[in-house]
Amino acid sequence: MSEVEALELLATSEYGIFATCTEENQPYGVPLSYVLIDRKIYLHCARVGTKLDNIILNNKVSFTVVGKTKILQDEFSTEYESVIVFGRTTFLKDEEKDKPLMEFIRKYSPEFIEEGRIYIDKAKVKTTLIKIEICSLSGKHRV
């Protein structure tokens, strides 16, 4: 898959698996909603949790999305599309949260933009936003 195709799949998929590593080097993956803005992936979550603890110890992460799949029973195979990203994370400051949070509203609740703005104003101080700077990405597909 070309880089352009991989970025398109990242932009249009609904959920991905965010993978970090614990202090004991145990992989830890969690499914999350996300948005892609200017080749950066943004995730939101509560102020505490395992993934946050892991990021503080090691900001190297991976993020994987799987697009359309189709089992080809008679060929004993599958059509698929997927992207894996390797990157480094940073936490956003409160003043940096508005644009990514509005992108979440546009992606997941496009019929409720004004209500989303009100929600963001109330919720952003209780919300952690994580930015993944993409260091490398690769996409594969069989169609």
# chains A, B, ... in the order shown; residues from 1 in each chain; ligands from 1
call {"tool": "select_by_dssp", "arguments": {"residues": "region 38-127 of chain A", "states": "alpha helix (DSSP H)", "output": "VMD selection string"}}
result
chain A and resid 50 to 57 98 to 108 113 to 123
call {"tool": "residues_around", "arguments": {"residues": "region 118-121 of chain A", "least_positions_apart": "4", "cutoff": "10 Å", "atoms": "only C-alpha atoms", "output": "list in words"}}
result
Lys97, Asp98, Leu101, Met102, Ile105, Ile113, Glu114, Val125, Lys126 and Thr127 of chain A
call {"tool": "closest_atom_pairs", "arguments": {"of": "region 84-106 of chain A", "to": "region 130-134 of chain A", "cutoff": "7 Å", "atoms": "only C-alpha atoms", "output": "JSON lines"}}
result
{"residue": "A:Val85", "atom": "CA", "partner": "A:Ile134", "partner_atom": "CA", "distance": 6.5}
{"residue": "A:Phe86", "atom": "CA", "partner": "A:Ile134", "partner_atom": "CA", "distance": 6.1}
{"residue": "A:Gly87", "atom": "CA", "partner": "A:Ile134", "partner_atom": "CA", "distance": 4.5}
{"residue": "A:Arg88", "atom": "CA", "partner": "A:Glu133", "partner_atom": "CA", "distance": 5.4}
{"residue": "A:Thr89", "atom": "CA", "partner": "A:Ile132", "partner_atom": "CA", "distance": 4.5}
{"residue": "A:Thr90", "atom": "CA", "partner": "A:Lys131", "partner_atom": "CA", "distance": 5.4}
{"residue": "A:Phe91", "atom": "CA", "partner": "A:Ile130", "partner_atom": "CA", "distance": 4.8}
{"residue": "A:Leu92", "atom": "CA", "partner": "A:Ile130", "partner_atom": "CA", "distance": 6.2}
call {"tool": "write_last_selection", "arguments": {"atoms": "all heavy atoms", "output": "compact mmCIF listing (two decimals), in the first residue's frame"}}
result
# COMPACT_ATOMS: atom_id res chain seq x y z
N VAL A 85 1.49 2.07 12.60
CA VAL A 85 2.27 3.29 12.80
C VAL A 85 3.21 3.08 13.98
O VAL A 85 2.80 2.48 14.99
CB VAL A 85 1.33 4.48 13.12
CG1 VAL A 85 2.10 5.69 13.61
CG2 VAL A 85 0.48 4.82 11.92
N PHE A 86 4.41 3.56 13.87
CA PHE A 86 5.33 3.64 14.99
C PHE A 86 5.58 5.11 15.25
O PHE A 86 5.80 5.88 14.29
CB PHE A 86 6.65 2.91 14.70
CG PHE A 86 6.46 1.44 14.55
CD1 PHE A 86 6.34 0.87 13.29
CD2 PHE A 86 6.36 0.62 15.66
CE1 PHE A 86 6.14 -0.50 13.13
CE2 PHE A 86 6.16 -0.75 15.53
CZ PHE A 86 6.06 -1.31 14.26
N GLY A 87 5.52 5.52 16.51
CA GLY A 87 5.69 6.93 16.80
C GLY A 87 6.05 7.20 18.23
O GLY A 87 6.30 6.28 19.03
N ARG A 88 6.07 8.48 18.53
CA ARG A 88 6.37 8.96 19.88
C ARG A 88 5.21 9.85 20.33
O ARG A 88 4.67 10.61 19.53
CB ARG A 88 7.67 9.74 19.91
CG ARG A 88 8.88 8.87 19.64
CD ARG A 88 10.17 9.68 19.83
NE ARG A 88 11.32 8.83 19.62
CZ ARG A 88 11.93 8.15 20.58
NH1 ARG A 88 11.49 8.20 21.82
NH2 ARG A 88 13.00 7.41 20.31
N THR A 89 4.90 9.76 21.61
CA THR A 89 3.76 10.49 22.13
C THR A 89 4.16 11.71 22.94
O THR A 89 5.25 11.76 23.52
CB THR A 89 2.91 9.59 23.05
OG1 THR A 89 3.74 9.11 24.10
CG2 THR A 89 2.31 8.44 22.30
N THR A 90 3.26 12.67 22.96
CA THR A 90 3.33 13.81 23.88
C THR A 90 1.91 14.07 24.37
O THR A 90 0.93 13.68 23.73
CB THR A 90 3.88 15.08 23.21
OG1 THR A 90 3.09 15.38 22.06
CG2 THR A 90 5.33 14.93 22.81
N PHE A 91 1.82 14.72 25.52
CA PHE A 91 0.53 15.12 26.07
C PHE A 91 0.26 16.56 25.68
O PHE A 91 1.15 17.41 25.73
CB PHE A 91 0.53 15.00 27.60
CG PHE A 91 0.70 13.59 28.09
CD1 PHE A 91 1.87 13.18 28.69
CD2 PHE A 91 -0.33 12.66 27.96
CE1 PHE A 91 2.03 11.88 29.16
CE2 PHE A 91 -0.18 11.36 28.41
CZ PHE A 91 1.00 10.97 29.00
N LEU A 92 -0.99 16.85 25.30
CA LEU A 92 -1.35 18.21 24.93
C LEU A 92 -1.71 19.02 26.17
O LEU A 92 -2.28 18.50 27.13
CB LEU A 92 -2.54 18.20 23.97
CG LEU A 92 -2.21 18.14 22.48
CD1 LEU A 92 -1.51 16.85 22.13
CD2 LEU A 92 -3.45 18.32 21.66
call {"tool": "closest_residue", "arguments": {"among": "A:Pro27, A:Asp38, A:Phe76, A:Pro110", "to": "Leu7 (chain A)", "atoms": "only C-alpha atoms"}}
result
A:Asp38
call {"tool": "residues_around", "arguments": {"residues": "Leu72 (chain A)", "least_positions_apart": "5", "cutoff": "12 Å", "atoms": "only C-alpha atoms", "output": "tab-separated table (two decimals) with C-alpha atoms, in the first residue's frame"}}
result
chain	number	residue	atom	x	y	z
A	77	SER	CA	-7.48	-16.56	2.22
A	78	THR	CA	-8.63	-13.06	3.11
A	79	GLU	CA	-8.90	-9.66	1.47
A	80	TYR	CA	-7.74	-7.01	3.94
A	142	ARG	CA	-4.89	-7.60	-0.54
A	143	VAL	CA	-7.87	-6.71	-2.65
call {"tool": "atom_distance", "arguments": {"atom1": "CA of Gly16 (chain A)", "atom2": "CA of Thr64 (chain A)"}}
result
5.3 Å
call {"tool": "residues_around", "arguments": {"residues": "region 28-31 of chain A", "least_positions_apart": "3", "cutoff": "12 Å", "atoms": "only C-alpha atoms", "output": "VMD selection string"}}
result
chain A and resid 14 to 25 34 43 to 45 49 to 55 61 to 66
